[in-house]
>>> print(open('query25.pdb').read())   # PDB, C-alpha atoms and all ligand atoms
MODEL        1
ATOM      1  CA  MET P   1     -16.328 -14.816   0.768
ATOM      2  CA  PRO P   2     -16.239 -14.713   4.559
ATOM      3  CA  GLU P   3     -17.780 -11.485   5.710
ATOM      4  CA  LEU P   4     -15.710  -8.678   7.207
ATOM      5  CA  THR P   5     -16.866  -8.286  10.801
ATOM      6  CA  PRO P   6     -14.633  -6.579  13.381
ATOM      7  CA  GLY P   7     -13.233  -8.973  15.964
ATOM      8  CA  ALA P   8     -14.397 -12.171  14.219
ATOM      9  CA  VAL P   9     -11.638 -14.730  13.600
ATOM     10  CA  VAL P  10     -11.969 -15.904   9.992
ATOM     11  CA  THR P  11     -10.035 -18.940   8.727
ATOM     12  CA  LEU P  12      -8.986 -18.233   5.127
ATOM     13  CA  ALA P  13      -6.763 -21.259   4.564
ATOM     14  CA  PRO P  14      -4.997 -23.860   6.704
ATOM     15  CA  ARG P  15      -2.747 -21.975   9.163
ATOM     16  CA  LEU P  16      -4.038 -18.612   7.949
ATOM     17  CA  ARG P  17      -6.559 -16.519   9.849
ATOM     18  CA  ARG P  18      -7.777 -12.932   9.652
ATOM     19  CA  ILE P  19      -9.158 -10.582  12.301
ATOM     20  CA  LEU P  20     -10.598  -7.230  11.235
ATOM     21  CA  ALA P  21      -9.771  -4.244  13.435
ATOM     22  CA  PRO P  22     -12.687  -1.979  14.397
ATOM     23  CA  ASN P  23     -11.316   1.054  12.512
ATOM     24  CA  PRO P  24     -13.416   1.584   9.371
ATOM     25  CA  GLY P  25     -12.954   4.879   7.544
ATOM     26  CA  ILE P  26     -12.103   6.773   4.402
ATOM     27  CA  PHE P  27      -8.483   5.498   4.390
ATOM     28  CA  THR P  28      -9.199   2.053   5.753
ATOM     29  CA  GLY P  29     -12.400   0.808   4.079
ATOM     30  CA  PRO P  30     -13.941  -1.784   6.435
ATOM     31  CA  GLY P  31     -10.886  -1.493   8.748
ATOM     32  CA  THR P  32      -7.376  -2.950   8.983
ATOM     33  CA  ASN P  33      -6.919  -6.675   8.414
ATOM     34  CA  THR P  34      -4.661  -8.412  10.926
ATOM     35  CA  TYR P  35      -3.443 -11.820   9.727
ATOM     36  CA  LEU P  36      -2.262 -14.770  11.832
ATOM     37  CA  LEU P  37      -0.014 -17.345  10.167
ATOM     38  CA  GLY P  38       0.855 -20.760  11.576
ATOM     39  CA  GLU P  39      -0.495 -23.004  14.327
ATOM     40  CA  ASP P  40       2.257 -24.007  16.754
ATOM     41  CA  GLU P  41       4.286 -20.840  16.297
ATOM     42  CA  LEU P  42       2.463 -17.833  14.938
ATOM     43  CA  ALA P  43       3.463 -14.790  12.964
ATOM     44  CA  VAL P  44       1.097 -11.808  13.050
ATOM     45  CA  ILE P  45       1.052  -9.448  10.069
ATOM     46  CA  ASP P  46      -0.109  -5.893  10.808
ATOM     47  CA  PRO P  47      -1.373  -5.779  14.398
ATOM     48  CA  GLY P  48      -3.329  -2.655  13.395
ATOM     49  CA  PRO P  49      -4.119   0.442  15.442
ATOM     50  CA  ASP P  50      -3.396   0.760  19.148
ATOM     51  CA  ASP P  51      -6.853  -0.513  20.096
ATOM     52  CA  PRO P  52      -6.917  -2.630  23.278
ATOM     53  CA  VAL P  53     -10.011  -4.607  22.245
ATOM     54  CA  HIS P  54      -8.427  -5.556  18.911
ATOM     55  CA  ILE P  55      -5.030  -6.342  20.429
ATOM     56  CA  GLU P  56      -6.656  -8.607  23.017
ATOM     57  CA  ALA P  57      -8.681 -10.347  20.290
ATOM     58  CA  VAL P  58      -5.477 -11.016  18.330
ATOM     59  CA  ALA P  59      -3.626 -12.233  21.432
ATOM     60  CA  ALA P  60      -6.564 -14.513  22.336
ATOM     61  CA  ALA P  61      -6.611 -16.009  18.824
ATOM     62  CA  GLY P  62      -2.854 -16.584  19.154
ATOM     63  CA  ALA P  63      -3.393 -18.499  22.402
ATOM     64  CA  GLY P  64       0.118 -17.917  23.748
ATOM     65  CA  ARG P  65       1.874 -18.964  20.533
ATOM     66  CA  ILE P  66       2.554 -15.638  18.818
ATOM     67  CA  ARG P  67       6.332 -15.410  18.210
ATOM     68  CA  TRP P  68       6.664 -12.709  15.540
ATOM     69  CA  ILE P  69       4.831  -9.459  14.899
ATOM     70  CA  LEU P  70       5.471  -8.078  11.407
ATOM     71  CA  VAL P  71       4.272  -4.788   9.971
ATOM     72  CA  THR P  72       3.851  -3.891   6.300
ATOM     73  CA  HIS P  73       4.533  -0.216   7.029
ATOM     74  CA  THR P  74       4.382   2.273   9.866
ATOM     75  CA  HIS P  75       1.120   4.135   9.128
ATOM     76  CA  PRO P  76      -1.217   4.566  12.131
ATOM     77  CA  ASP P  77      -3.738   1.940  11.034
ATOM     78  CA  HIS P  78      -1.102  -0.829  10.704
ATOM     79  CA  ALA P  79       1.761  -0.614  13.178
ATOM     80  CA  PRO P  80       0.823   1.037  16.524
ATOM     81  CA  GLY P  81      -0.749  -2.179  17.856
ATOM     82  CA  ALA P  82       2.678  -3.862  17.725
ATOM     83  CA  ALA P  83       3.876  -2.490  21.067
ATOM     84  CA  GLY P  84       0.769  -3.582  22.986
ATOM     85  CA  LEU P  85       0.686  -7.000  21.353
ATOM     86  CA  ALA P  86       4.398  -7.512  22.056
ATOM     87  CA  LYS P  87       3.784  -6.647  25.706
ATOM     88  CA  LEU P  88       1.004  -9.248  25.930
ATOM     89  CA  THR P  89       2.832 -11.990  24.046
ATOM     90  CA  GLY P  90       6.581 -11.351  24.349
ATOM     91  CA  ALA P  91       6.818 -11.704  20.553
ATOM     92  CA  GLU P  92       9.605 -10.177  18.479
ATOM     93  CA  VAL P  93       8.575  -7.072  16.501
ATOM     94  CA  LEU P  94       9.894  -6.740  12.939
ATOM     95  CA  GLY P  95       9.567  -4.060  10.264
ATOM     96  CA  PHE P  96      11.546  -2.101   7.699
ATOM     97  CA  ASP P  97      12.638   0.710  10.026
ATOM     98  CA  ALA P  98      11.848   2.670  13.186
ATOM     99  CA  ARG P  99       9.464   5.490  12.408
ATOM    100  CA  ASP P 100       6.120   7.036  13.435
ATOM    101  CA  ASP P 101       6.556   5.739  17.039
ATOM    102  CA  PHE P 102       7.138   2.225  15.729
ATOM    103  CA  ASN P 103      10.272   0.629  17.156
ATOM    104  CA  PRO P 104      11.023  -2.837  15.800
ATOM    105  CA  ASP P 105      13.283  -5.254  17.665
ATOM    106  CA  THR P 106      14.648  -6.226  14.261
ATOM    107  CA  GLU P 107      14.803  -4.201  11.060
ATOM    108  CA  ILE P 108      14.174  -6.272   7.952
ATOM    109  CA  GLY P 109      14.235  -5.568   4.217
ATOM    110  CA  ASP P 110      13.768  -7.040   0.766
ATOM    111  CA  GLY P 111      14.547 -10.763   0.666
ATOM    112  CA  TRP P 112      14.334 -11.306   4.430
ATOM    113  CA  SER P 113      12.636 -14.592   5.155
ATOM    114  CA  LEU P 114      11.143 -16.556   7.998
ATOM    115  CA  ARG P 115      11.094 -20.343   7.916
ATOM    116  CA  THR P 116       9.308 -22.498  10.437
ATOM    117  CA  PRO P 117       8.129 -26.112  10.059
ATOM    118  CA  GLU P 118       4.761 -24.586   9.070
ATOM    119  CA  ILE P 119       5.435 -21.420   7.097
ATOM    120  CA  HIS P 120       7.968 -19.910   4.722
ATOM    121  CA  LEU P 121       7.509 -16.186   4.410
ATOM    122  CA  SER P 122       9.585 -13.683   2.385
ATOM    123  CA  ALA P 123       9.602  -9.890   2.489
ATOM    124  CA  VAL P 124       9.253  -7.892  -0.743
ATOM    125  CA  HIS P 125      10.154  -4.198  -0.499
ATOM    126  CA  THR P 126       7.335  -2.282  -2.197
ATOM    127  CA  PRO P 127       7.872   1.466  -1.678
ATOM    128  CA  GLY P 128       5.331   3.936  -3.059
ATOM    129  CA  HIS P 129       2.450   4.164  -0.583
ATOM    130  CA  ALA P 130       5.135   4.422   2.104
ATOM    131  CA  SER P 131       8.882   4.246   1.535
ATOM    132  CA  ASN P 132       9.146   1.592   4.256
ATOM    133  CA  HIS P 133       6.423  -0.647   2.853
ATOM    134  CA  LEU P 134       6.966  -4.416   2.738
ATOM    135  CA  CYS P 135       4.671  -7.046   1.282
ATOM    136  CA  TYR P 136       5.040 -10.601   2.605
ATOM    137  CA  LEU P 137       4.913 -13.618   0.328
ATOM    138  CA  LEU P 138       3.913 -17.058   1.611
ATOM    139  CA  GLU P 139       6.257 -18.998  -0.640
ATOM    140  CA  SER P 140       4.641 -22.405  -0.993
ATOM    141  CA  GLU P 141       1.058 -21.099  -1.106
ATOM    142  CA  ARG P 142       1.971 -18.132  -3.418
ATOM    143  CA  ILE P 143      -0.150 -15.860  -1.241
ATOM    144  CA  LEU P 144       0.904 -12.204  -1.014
ATOM    145  CA  LEU P 145       0.029 -10.223   2.077
ATOM    146  CA  SER P 146      -0.036  -6.847   0.384
ATOM    147  CA  GLY P 147      -0.637  -4.291   3.168
ATOM    148  CA  ASP P 148      -1.565  -1.008   1.489
ATOM    149  CA  HIS P 149       0.337  -1.707  -1.731
ATOM    150  CA  ILE P 150      -2.813  -3.326  -3.132
ATOM    151  CA  MET P 151      -6.191  -2.926  -1.480
ATOM    152  CA  SER P 152      -9.582  -4.408  -2.091
ATOM    153  CA  GLY P 153     -12.366  -1.888  -2.489
ATOM    154  CA  SER P 154     -10.619   1.308  -1.426
ATOM    155  CA  THR P 155      -8.050   3.466  -3.222
ATOM    156  CA  VAL P 156      -4.356   3.459  -2.360
ATOM    157  CA  ILE P 157      -3.279   7.012  -1.508
ATOM    158  CA  ILE P 158       0.172   8.075  -2.655
ATOM    159  CA  SER P 159       1.018  11.014  -0.444
ATOM    160  CA  PRO P 160       4.358  12.775  -1.113
ATOM    161  CA  PRO P 161       7.000  13.284  -0.031
ATOM    162  CA  ASP P 162       7.204   9.829   1.592
ATOM    163  CA  GLY P 163       4.728   8.515  -0.950
ATOM    164  CA  ASP P 164       6.315   8.245  -4.390
ATOM    165  CA  MET P 165       4.367   7.510  -7.568
ATOM    166  CA  ALA P 166       7.354   6.403  -9.669
ATOM    167  CA  ALA P 167       8.437   3.977  -6.938
ATOM    168  CA  TYR P 168       4.838   2.805  -6.579
ATOM    169  CA  MET P 169       4.484   2.043 -10.294
ATOM    170  CA  GLN P 170       7.790   0.169 -10.288
ATOM    171  CA  ALA P 171       6.767  -1.840  -7.242
ATOM    172  CA  LEU P 172       3.459  -2.761  -8.922
ATOM    173  CA  ALA P 173       5.285  -3.899 -12.043
ATOM    174  CA  ARG P 174       7.602  -5.959  -9.881
ATOM    175  CA  LEU P 175       4.699  -8.027  -8.543
ATOM    176  CA  GLU P 176       4.018  -9.206 -12.081
ATOM    177  CA  LEU P 177       7.564 -10.547 -12.345
ATOM    178  CA  ILE P 178       7.406 -12.729  -9.232
ATOM    179  CA  LYS P 179       7.876 -16.386 -10.191
ATOM    180  CA  PRO P 180       5.994 -18.644  -9.735
ATOM    181  CA  PRO P 181       3.155 -16.125  -9.966
ATOM    182  CA  ILE P 182       1.158 -14.998  -6.952
ATOM    183  CA  ARG P 183      -2.122 -16.889  -6.686
ATOM    184  CA  THR P 184      -3.923 -14.855  -4.061
ATOM    185  CA  ILE P 185      -3.582 -11.413  -2.500
ATOM    186  CA  LEU P 186      -4.602 -10.771   1.082
ATOM    187  CA  PRO P 187      -4.805  -6.984   1.324
ATOM    188  CA  GLY P 188      -4.451  -4.761   4.388
ATOM    189  CA  HIS P 189      -7.979  -3.530   3.709
ATOM    190  CA  GLY P 190     -10.905  -5.394   2.186
ATOM    191  CA  ASP P 191     -11.490  -8.972   1.200
ATOM    192  CA  VAL P 192      -9.379 -11.652  -0.467
ATOM    193  CA  ILE P 193      -8.271 -10.934  -4.070
ATOM    194  CA  ASP P 194      -8.403 -14.139  -6.119
ATOM    195  CA  ASP P 195      -7.217 -12.739  -9.456
ATOM    196  CA  PRO P 196      -3.915 -11.010  -8.610
ATOM    197  CA  LYS P 197      -2.752 -10.646 -12.207
ATOM    198  CA  ALA P 198      -5.941  -8.879 -13.275
ATOM    199  CA  LYS P 199      -5.883  -6.709 -10.160
ATOM    200  CA  VAL P 200      -2.271  -5.590 -10.608
ATOM    201  CA  GLU P 201      -2.873  -4.851 -14.292
ATOM    202  CA  GLU P 202      -6.021  -2.920 -13.415
ATOM    203  CA  TYR P 203      -3.997  -0.843 -10.922
ATOM    204  CA  ILE P 204      -1.246  -0.099 -13.455
ATOM    205  CA  THR P 205      -3.725   0.781 -16.226
ATOM    206  CA  HIS P 206      -5.714   2.984 -13.870
ATOM    207  CA  ARG P 207      -2.635   4.911 -12.712
ATOM    208  CA  ARG P 208      -1.341   5.419 -16.228
ATOM    209  CA  ALA P 209      -4.743   6.686 -17.373
ATOM    210  CA  ARG P 210      -4.965   9.058 -14.389
ATOM    211  CA  GLU P 211      -1.490  10.368 -15.136
ATOM    212  CA  GLU P 212      -2.437  11.176 -18.738
ATOM    213  CA  GLU P 213      -5.602  12.902 -17.525
ATOM    214  CA  VAL P 214      -3.527  15.004 -15.121
ATOM    215  CA  TYR P 215      -1.066  15.843 -17.890
ATOM    216  CA  ALA P 216      -3.897  16.782 -20.273
ATOM    217  CA  VAL P 217      -5.291  19.364 -17.829
ATOM    218  CA  VAL P 218      -1.846  20.927 -17.356
ATOM    219  CA  ALA P 219      -1.059  20.853 -21.080
ATOM    220  CA  GLU P 220      -4.390  22.301 -22.177
ATOM    221  CA  SER P 221      -4.554  25.055 -19.574
ATOM    222  CA  GLY P 222      -0.872  25.975 -19.693
ATOM    223  CA  LYS P 223      -0.852  26.308 -15.912
ATOM    224  CA  ALA P 224      -2.889  24.522 -13.259
ATOM    225  CA  GLY P 225      -2.963  24.083  -9.501
ATOM    226  CA  LEU P 226      -3.881  20.874  -7.704
ATOM    227  CA  ASP P 227      -7.482  21.975  -7.130
ATOM    228  CA  ASP P 228      -7.954  22.846 -10.821
ATOM    229  CA  ILE P 229      -6.698  19.420 -11.802
ATOM    230  CA  VAL P 230      -8.698  17.513  -9.167
ATOM    231  CA  SER P 231     -11.945  19.260 -10.178
ATOM    232  CA  VAL P 232     -11.513  18.019 -13.753
ATOM    233  CA  VAL P 233      -9.891  14.607 -13.301
ATOM    234  CA  TYR P 234     -11.982  13.591 -10.268
ATOM    235  CA  ALA P 235     -15.243  15.211 -11.453
ATOM    236  CA  GLY P 236     -16.971  11.824 -11.232
ATOM    237  CA  VAL P 237     -15.672  11.033  -7.749
ATOM    238  CA  ALA P 238     -17.529  12.070  -4.557
ATOM    239  CA  PRO P 239     -16.253  15.475  -3.298
ATOM    240  CA  GLU P 240     -15.313  14.018   0.101
ATOM    241  CA  TYR P 241     -12.469  12.182  -1.671
ATOM    242  CA  HIS P 242     -11.118  15.304  -3.374
ATOM    243  CA  PRO P 243      -8.777  16.333  -0.515
ATOM    244  CA  LEU P 244      -7.201  12.851  -0.751
ATOM    245  CA  ALA P 245      -7.120  12.996  -4.545
ATOM    246  CA  ARG P 246      -4.949  16.142  -4.323
ATOM    247  CA  PHE P 247      -2.154  13.981  -2.926
ATOM    248  CA  SER P 248      -2.313  11.454  -5.738
ATOM    249  CA  VAL P 249      -2.419  14.221  -8.357
ATOM    250  CA  TRP P 250       0.568  15.873  -6.692
ATOM    251  CA  ALA P 251       2.398  12.517  -6.721
ATOM    252  CA  HIS P 252       1.708  12.132 -10.463
ATOM    253  CA  LEU P 253       2.966  15.667 -11.123
ATOM    254  CA  ARG P 254       6.200  15.052  -9.209
ATOM    255  CA  LYS P 255       6.778  11.868 -11.191
ATOM    256  CA  MET P 256       6.146  13.699 -14.463
ATOM    257  CA  ALA P 257       8.442  16.527 -13.344
ATOM    258  CA  ASP P 258      11.240  13.982 -12.906
ATOM    259  CA  GLU P 259      10.475  12.753 -16.412
ATOM    260  CA  GLY P 260      10.647  16.285 -17.854
ATOM    261  CA  ARG P 261       6.959  16.498 -18.833
ATOM    262  CA  VAL P 262       5.792  19.164 -16.369
ATOM    263  CA  ARG P 263       7.427  21.719 -14.107
ATOM    264  CA  SER P 264       6.595  23.992 -11.169
ATOM    265  CA  ALA P 265       8.476  26.649  -9.233
ATOM    266  CA  ASP P 266       8.491  24.392  -6.170
ATOM    267  CA  ARG P 267       7.555  20.723  -6.458
ATOM    268  CA  ASP P 268       7.384  20.481  -2.644
ATOM    269  CA  ASP P 269       4.717  23.198  -2.423
ATOM    270  CA  MET P 270       1.184  21.828  -2.781
ATOM    271  CA  SER P 271      -0.136  25.286  -3.682
ATOM    272  CA  ALA P 272       2.331  25.780  -6.562
ATOM    273  CA  GLU P 273       1.096  25.946 -10.150
ATOM    274  CA  TRP P 274       2.227  23.429 -12.717
ATOM    275  CA  HIS P 275       3.118  24.008 -16.358
ATOM    276  CA  PRO P 276       3.702  21.697 -19.270
ATOM    277  CA  VAL P 277       7.258  21.390 -20.576
ATOM    278  CA  ARG P 278       6.193  21.970 -24.166
ATOM    279  CA  ARG P 279       9.333  22.238 -26.146
ATOM    280  CA  ARG P 280      10.885  18.972 -25.155
ATOM    281  CA  SER P 281       7.720  16.887 -25.608
ATOM    282  CA  GLN P 282       6.982  18.543 -28.982
ATOM    283  CA  ALA P 283      10.525  17.954 -30.147
ATOM    284  CA  ARG P 284      10.244  14.325 -29.119
ATOM    285  CA  ARG P 285       6.952  13.994 -30.992
ATOM    286  CA  SER P 286       8.359  15.439 -34.247
ATOM    287  CA  ARG P 287      11.422  13.221 -33.948
ATOM    288  CA  THR P 288       9.176  10.179 -33.618
ATOM    289  CA  LYS P 289       7.302  11.251 -36.742
ATOM    290  CA  GLN P 290      10.498  11.477 -38.820
ATOM    291  CA  THR P 291      11.693   7.976 -37.975
TER     292      THR P 291
HETATM  293 ZN    ZN P 301      -3.769   1.171   5.740
ENDMDL
END
>>> encode(input="query25.pdb", output="structure tokens", more="lines below")
Ligand SMILES: [Zn+2]
Amino acid sequence: MPELTPGAVVTLAPRLRRILAPNPGIFTGPGTNTYLLGEDELAVIDPGPDDPVHIEAVAAAGAGRIRWILVTHTHPDHAPGAAGLAKLTGAEVLGFDARDDFNPDTEIGDGWSLRTPEIHLSAVHTPGHASNHLCYLLESERILLSGDHIMSGSTVIISPPDGDMAAYMQALARLELIKPPIRTILPGHGDVIDDPKAKVEEYITHRRAREEEVYAVVAESGKAGLDDIVSVVYAGVAPEYHPLARFSVWAHLRKMADEGRVRSADRDDMSAEWHPVRRRSQARRSRTKQT
């Protein structure tokens, strides 16, 4: 595996290069991966943060041939570099919508595609981490540029209200249905993922298990706040991650509230307490037993 060094231009495949932005951190792992696709006419995926050194490195690697700047979503470690890179290159900026100071020239959605003599790229709408999240599929190579939908090494944070756990789970399941199957995932953070099927299944299994752990705390205690749940479910995880874990727990609770498993006085209030919806789940269980 080529090592992740900020600013280094790494060739991953013919017509496919990666430059790591110098923004490592708790959300970003080693930093944001910026990808360059093509040779004669280039598309850039995720220009990264508004960091002049990184933007100049990307522009230099593009050598005057960058035509399109695409973002997976509008979070601050992915999209703000678009404006500066567009200024340097004159490239067209594309993304799902205008938000968080990101203003695309063209709004694109699920099924949008870009065809050049060198590349054929399609957008796959994958809400969950962000409602405006797109993955990009290189059709002939079956390579998915996954942004923050799937990461390598770090955890995807689902932060309501824009983050949505039910949508996230559906969008994960959808990746498994893509035909022909994806061969490789190039994530927004971390190194190349060579076993996409195993990775997606691991993600789904992990989320389902977490959700049952969250439910168990609520069901056993009768009422629980986010901190109570995090201290049990994330007991084995370093405390510095607990503030982030609160968001994922909250996202699971909101999903389960929609499914009628738990309830709270105000699902939009992070300090609200959550209760199990006992009667309905017990009734369902006894019905299952009878049949
Ligand atoms: Zn990110």
>>> closest_atom_pairs(input="query25.pdb", of="segment 10-66 of chain P", to="segment 116-121 of chain P", cutoff="10 Å", atoms="only C-alpha atoms", output="JSON lines")
{"residue": "P:Arg15", "atom": "CA", "partner": "P:Glu118", "partner_atom": "CA", "distance": 7.9}
{"residue": "P:Leu16", "atom": "CA", "partner": "P:Ile119", "partner_atom": "CA", "distance": 9.9}
{"residue": "P:Leu37", "atom": "CA", "partner": "P:Ile119", "partner_atom": "CA", "distance": 7.5}
{"residue": "P:Gly38", "atom": "CA", "partner": "P:Glu118", "partner_atom": "CA", "distance": 6.0}
{"residue": "P:Glu39", "atom": "CA", "partner": "P:Glu118", "partner_atom": "CA", "distance": 7.6}
{"residue": "P:Asp40", "atom": "CA", "partner": "P:Glu118", "partner_atom": "CA", "distance": 8.1}
{"residue": "P:Glu41", "atom": "CA", "partner": "P:Thr116", "partner_atom": "CA", "distance": 7.9}
{"residue": "P:Leu42", "atom": "CA", "partner": "P:Ile119", "partner_atom": "CA", "distance": 9.1}
{"residue": "P:Ala43", "atom": "CA", "partner": "P:Ile119", "partner_atom": "CA", "distance": 9.1}
>>> residues_around(input="query25.pdb", residues="Arg142 of chain P", least_positions_apart="2", cutoff="7 Å", atoms="all atoms listed in the file", output="number ranges by chain")
P: 137-140, 144, 181-184
>>> resolve_selection(input="query25.pdb", expression="the PyMOL selection byres (((chain P and resi 146-163) around 6) and not hetatm)", output="list in words")
Gly29, Thr72, Gly128, His129, Ala130, Ser131, Cys135, Leu144, Leu145, Asp164, Pro187, Gly188, His189, Gly190, Asp191, Phe247, Ser248 and Ala251 of chain P
>>> residues_near_ligand(input="query25.pdb", ligand="ligand ZN 301 (chain P)", cutoff="6 Å", atoms="all atoms listed in the file", output="ChimeraX atom specification")
/P:28,77-78,148
>>> write_last_selection(input="query25.pdb", atoms="C-alpha atoms", output="PDB file, in the frame of the given file")
ATOM      1  CA  THR P  28      -9.199   2.053   5.753  1.00  0.00           C
ATOM      2  CA  ASP P  77      -3.738   1.940  11.034  1.00  0.00           C
ATOM      3  CA  HIS P  78      -1.102  -0.829  10.704  1.00  0.00           C
ATOM      4  CA  ASP P 148      -1.565  -1.008   1.489  1.00  0.00           C
TER       5      ASP P 148
END
>>> resolve_selection(input="query25.pdb", expression="the PyMOL selection byres (((chain P and resi 257) around 12) and not hetatm)", output="mmCIF file with C-alpha atoms, in the coordinates of the input")
data_model
loop_
_atom_site.group_PDB
_atom_site.id
_atom_site.type_symbol
_atom_site.label_atom_id
_atom_site.label_comp_id
_atom_site.auth_asym_id
_atom_site.auth_seq_id
_atom_site.Cartn_x
_atom_site.Cartn_y
_atom_site.Cartn_z
ATOM 1 C CA MET P 165 4.367 7.510 -7.568
ATOM 2 C CA ALA P 166 7.354 6.403 -9.669
ATOM 3 C CA GLU P 211 -1.490 10.368 -15.136
ATOM 4 C CA TYR P 215 -1.066 15.843 -17.890
ATOM 5 C CA VAL P 218 -1.846 20.927 -17.356
ATOM 6 C CA TRP P 250 0.568 15.873 -6.692
ATOM 7 C CA ALA P 251 2.398 12.517 -6.721
ATOM 8 C CA HIS P 252 1.708 12.132 -10.463
ATOM 9 C CA LEU P 253 2.966 15.667 -11.123
ATOM 10 C CA ARG P 254 6.200 15.052 -9.209
ATOM 11 C CA LYS P 255 6.778 11.868 -11.191
ATOM 12 C CA MET P 256 6.146 13.699 -14.463
ATOM 13 C CA ASP P 258 11.240 13.982 -12.906
ATOM 14 C CA GLU P 259 10.475 12.753 -16.412
ATOM 15 C CA GLY P 260 10.647 16.285 -17.854
ATOM 16 C CA ARG P 261 6.959 16.498 -18.833
ATOM 17 C CA VAL P 262 5.792 19.164 -16.369
ATOM 18 C CA ARG P 263 7.427 21.719 -14.107
ATOM 19 C CA SER P 264 6.595 23.992 -11.169
ATOM 20 C CA ALA P 265 8.476 26.649 -9.233
ATOM 21 C CA ASP P 266 8.491 24.392 -6.170
ATOM 22 C CA ARG P 267 7.555 20.723 -6.458
ATOM 23 C CA ASP P 268 7.384 20.481 -2.644
ATOM 24 C CA TRP P 274 2.227 23.429 -12.717
ATOM 25 C CA HIS P 275 3.118 24.008 -16.358
ATOM 26 C CA PRO P 276 3.702 21.697 -19.270
ATOM 27 C CA VAL P 277 7.258 21.390 -20.576
#
>>> closest_residue(input="query25.pdb", among="P:Asp50, P:Glu56, P:Glu107, P:Asp97", to="Ala82 of chain P", atoms="all atoms listed in the file")
P:Asp50
>>> atom_distance(input="query25.pdb", atom1="atom CA of Ala63 of chain P", atom2="atom CA of Leu36 of chain P")
11.3 Å
>>> closest_residue(input="query25.pdb", among="P:Val10, P:Ile45, P:Ala79, P:Val230", to="His242 of chain P", atoms="all atoms listed in the file")
P:Val230
>>> residues_near_point(input="query25.pdb", point="(6.4, -6.1, 20.9)", cutoff="9 Å", atoms="all atoms listed in the file", output="list in words")
Trp68, Ile69, Gly81, Ala82, Ala83, Gly84, Leu85, Ala86, Lys87, Leu88, Thr89, Gly90, Ala91, Glu92, Val93, Leu94, Asn103, Pro104 and Asp105 of chain P
>>> atom_distance(input="query25.pdb", atom1="atom CA of Tyr35 of chain P", atom2="atom CA of Ala167 of chain P")
25.9 Å
>>> closest_residue(input="query25.pdb", among="P:Pro243, P:Leu4, P:Leu172, P:Val249", to="Ala209 of chain P", atoms="all atoms listed in the file")
P:Val249
>>> axis_aligned_box(input="query25.pdb", around="segment 160-168 of chain P", padding_each_side="5 Å", output="JSON")
{"center_x": 6.4, "center_y": 8.0, "center_z": -4.0, "size_x": 14.1, "size_y": 20.5, "size_z": 21.3}
